[in-house]
Amino acid sequence: ADATWQQRVDALGEGGYRRYEEKTATQVGDCAELLLGEYKGDLRRLREDPDPKKRLREVPGIGPTGTDIF
């Protein structure tokens, strides 16, 4: 969450992620903020929600397929 956008882009590139790394860097930052704000840094808290699939779709970059996998 403390990483800058450029640091996230660099980390994605170093990890071999080449496709849409700039958009993904933004989403990673948004996800970190959501995770810290809504779940106190522990995504397992999502299981406590009455409709976890609906809540999971609030995570940037997670769509119907991602929720099914989760």
# chains A, B, ... in the order shown; residues from 1 in each chain; ligands from 1

$ residues_around --residues "Val9 in chain A" --least-positions-apart "6" --cutoff "12 Å" --atoms "only C-alpha atoms" --output "number ranges by chain"
A: 3, 15-29

$ closest_residue --among "A:Ile62, A:Ala11, A:Leu56, A:Cys31" --to "Arg44 in chain A" --atoms "only C-alpha atoms"
A:Leu56

$ closest_residue --among "A:Glu14, A:Glu33, A:Asp2, A:Asp68" --to "Lys53 in chain A" --atoms "only C-alpha atoms"
A:Asp68

$ decode --residues "range 4-26 of chain A" --atoms "N, CA, C and O atoms" --output "CSV table (one decimal), in the first residue's frame"
chain,number,residue,atom,x,y,z
A,4,THR,N,4.7,3.5,-4.4
A,4,THR,CA,4.2,4.4,-5.4
A,4,THR,C,3.7,3.7,-6.6
A,4,THR,O,4.0,2.5,-6.8
A,5,TRP,N,3.0,4.4,-7.5
A,5,TRP,CA,2.5,3.8,-8.7
A,5,TRP,C,3.7,3.3,-9.5
A,5,TRP,O,3.7,2.1,-10.0
A,6,GLN,N,4.8,4.1,-9.6
A,6,GLN,CA,5.9,3.6,-10.4
A,6,GLN,C,6.6,2.4,-9.8
A,6,GLN,O,7.0,1.5,-10.5
A,7,GLN,N,6.7,2.3,-8.5
A,7,GLN,CA,7.2,1.1,-7.9
A,7,GLN,C,6.4,-0.1,-8.2
A,7,GLN,O,7.0,-1.2,-8.4
A,8,ARG,N,5.1,0.1,-8.2
A,8,ARG,CA,4.2,-1.1,-8.6
A,8,ARG,C,4.4,-1.5,-10.0
A,8,ARG,O,4.5,-2.7,-10.3
A,9,VAL,N,4.6,-0.5,-10.9
A,9,VAL,CA,4.8,-0.8,-12.3
A,9,VAL,C,6.1,-1.6,-12.5
A,9,VAL,O,6.2,-2.6,-13.1
A,10,ASP,N,7.2,-1.1,-11.8
A,10,ASP,CA,8.5,-1.7,-11.8
A,10,ASP,C,8.4,-3.1,-11.3
A,10,ASP,O,9.0,-4.1,-11.8
A,11,ALA,N,7.7,-3.3,-10.2
A,11,ALA,CA,7.6,-4.7,-9.6
A,11,ALA,C,6.9,-5.6,-10.5
A,11,ALA,O,7.3,-6.8,-10.6
A,12,LEU,N,5.8,-5.2,-11.1
A,12,LEU,CA,5.1,-6.0,-12.1
A,12,LEU,C,6.0,-6.4,-13.3
A,12,LEU,O,6.1,-7.5,-13.7
A,13,GLY,N,6.8,-5.4,-13.7
A,13,GLY,CA,7.8,-5.7,-14.8
A,13,GLY,C,8.8,-6.7,-14.4
A,13,GLY,O,9.2,-7.6,-15.2
A,14,GLU,N,9.4,-6.5,-13.2
A,14,GLU,CA,10.4,-7.4,-12.7
A,14,GLU,C,9.9,-8.8,-12.6
A,14,GLU,O,10.6,-9.8,-12.7
A,15,GLY,N,8.6,-8.9,-12.2
A,15,GLY,CA,8.0,-10.2,-12.1
A,15,GLY,C,7.6,-10.9,-13.4
A,15,GLY,O,7.0,-12.0,-13.4
A,16,GLY,N,7.8,-10.2,-14.5
A,16,GLY,CA,7.5,-10.8,-15.8
A,16,GLY,C,6.1,-10.4,-16.3
A,16,GLY,O,5.7,-10.9,-17.3
A,17,TYR,N,5.4,-9.6,-15.6
A,17,TYR,CA,4.1,-9.2,-16.0
A,17,TYR,C,4.3,-8.0,-17.0
A,17,TYR,O,4.7,-7.0,-16.7
A,18,ARG,N,3.9,-8.3,-18.3
A,18,ARG,CA,4.2,-7.3,-19.3
A,18,ARG,C,2.9,-6.7,-19.9
A,18,ARG,O,2.9,-5.7,-20.5
A,19,ARG,N,1.8,-7.3,-19.7
A,19,ARG,CA,0.5,-6.9,-20.3
A,19,ARG,C,-0.2,-6.0,-19.4
A,19,ARG,O,-0.6,-6.3,-18.3
A,20,TYR,N,-0.5,-4.8,-19.8
A,20,TYR,CA,-1.3,-3.8,-19.1
A,20,TYR,C,-0.7,-3.5,-17.7
A,20,TYR,O,-1.5,-3.3,-16.7
A,21,GLU,N,0.6,-3.5,-17.6
A,21,GLU,CA,1.2,-3.3,-16.3
A,21,GLU,C,0.8,-1.9,-15.6
A,21,GLU,O,0.7,-1.8,-14.4
A,22,GLU,N,0.6,-0.9,-16.5
A,22,GLU,CA,0.3,0.4,-15.9
A,22,GLU,C,-1.1,0.4,-15.3
A,22,GLU,O,-1.4,0.9,-14.2
A,23,LYS,N,-2.1,-0.2,-16.0
A,23,LYS,CA,-3.5,-0.3,-15.5
A,23,LYS,C,-3.5,-1.2,-14.2
A,23,LYS,O,-4.1,-0.9,-13.2
A,24,THR,N,-2.7,-2.3,-14.3
A,24,THR,CA,-2.7,-3.2,-13.2
A,24,THR,C,-2.0,-2.6,-12.0
A,24,THR,O,-2.5,-2.8,-10.8
A,25,ALA,N,-1.0,-1.7,-12.2
A,25,ALA,CA,-0.4,-1.0,-11.1
A,25,ALA,C,-1.4,-0.2,-10.3
A,25,ALA,O,-1.4,-0.1,-9.1
A,26,THR,N,-2.2,0.5,-11.1
A,26,THR,CA,-3.3,1.3,-10.4
A,26,THR,C,-4.3,0.4,-9.7
A,26,THR,O,-4.6,0.7,-8.5
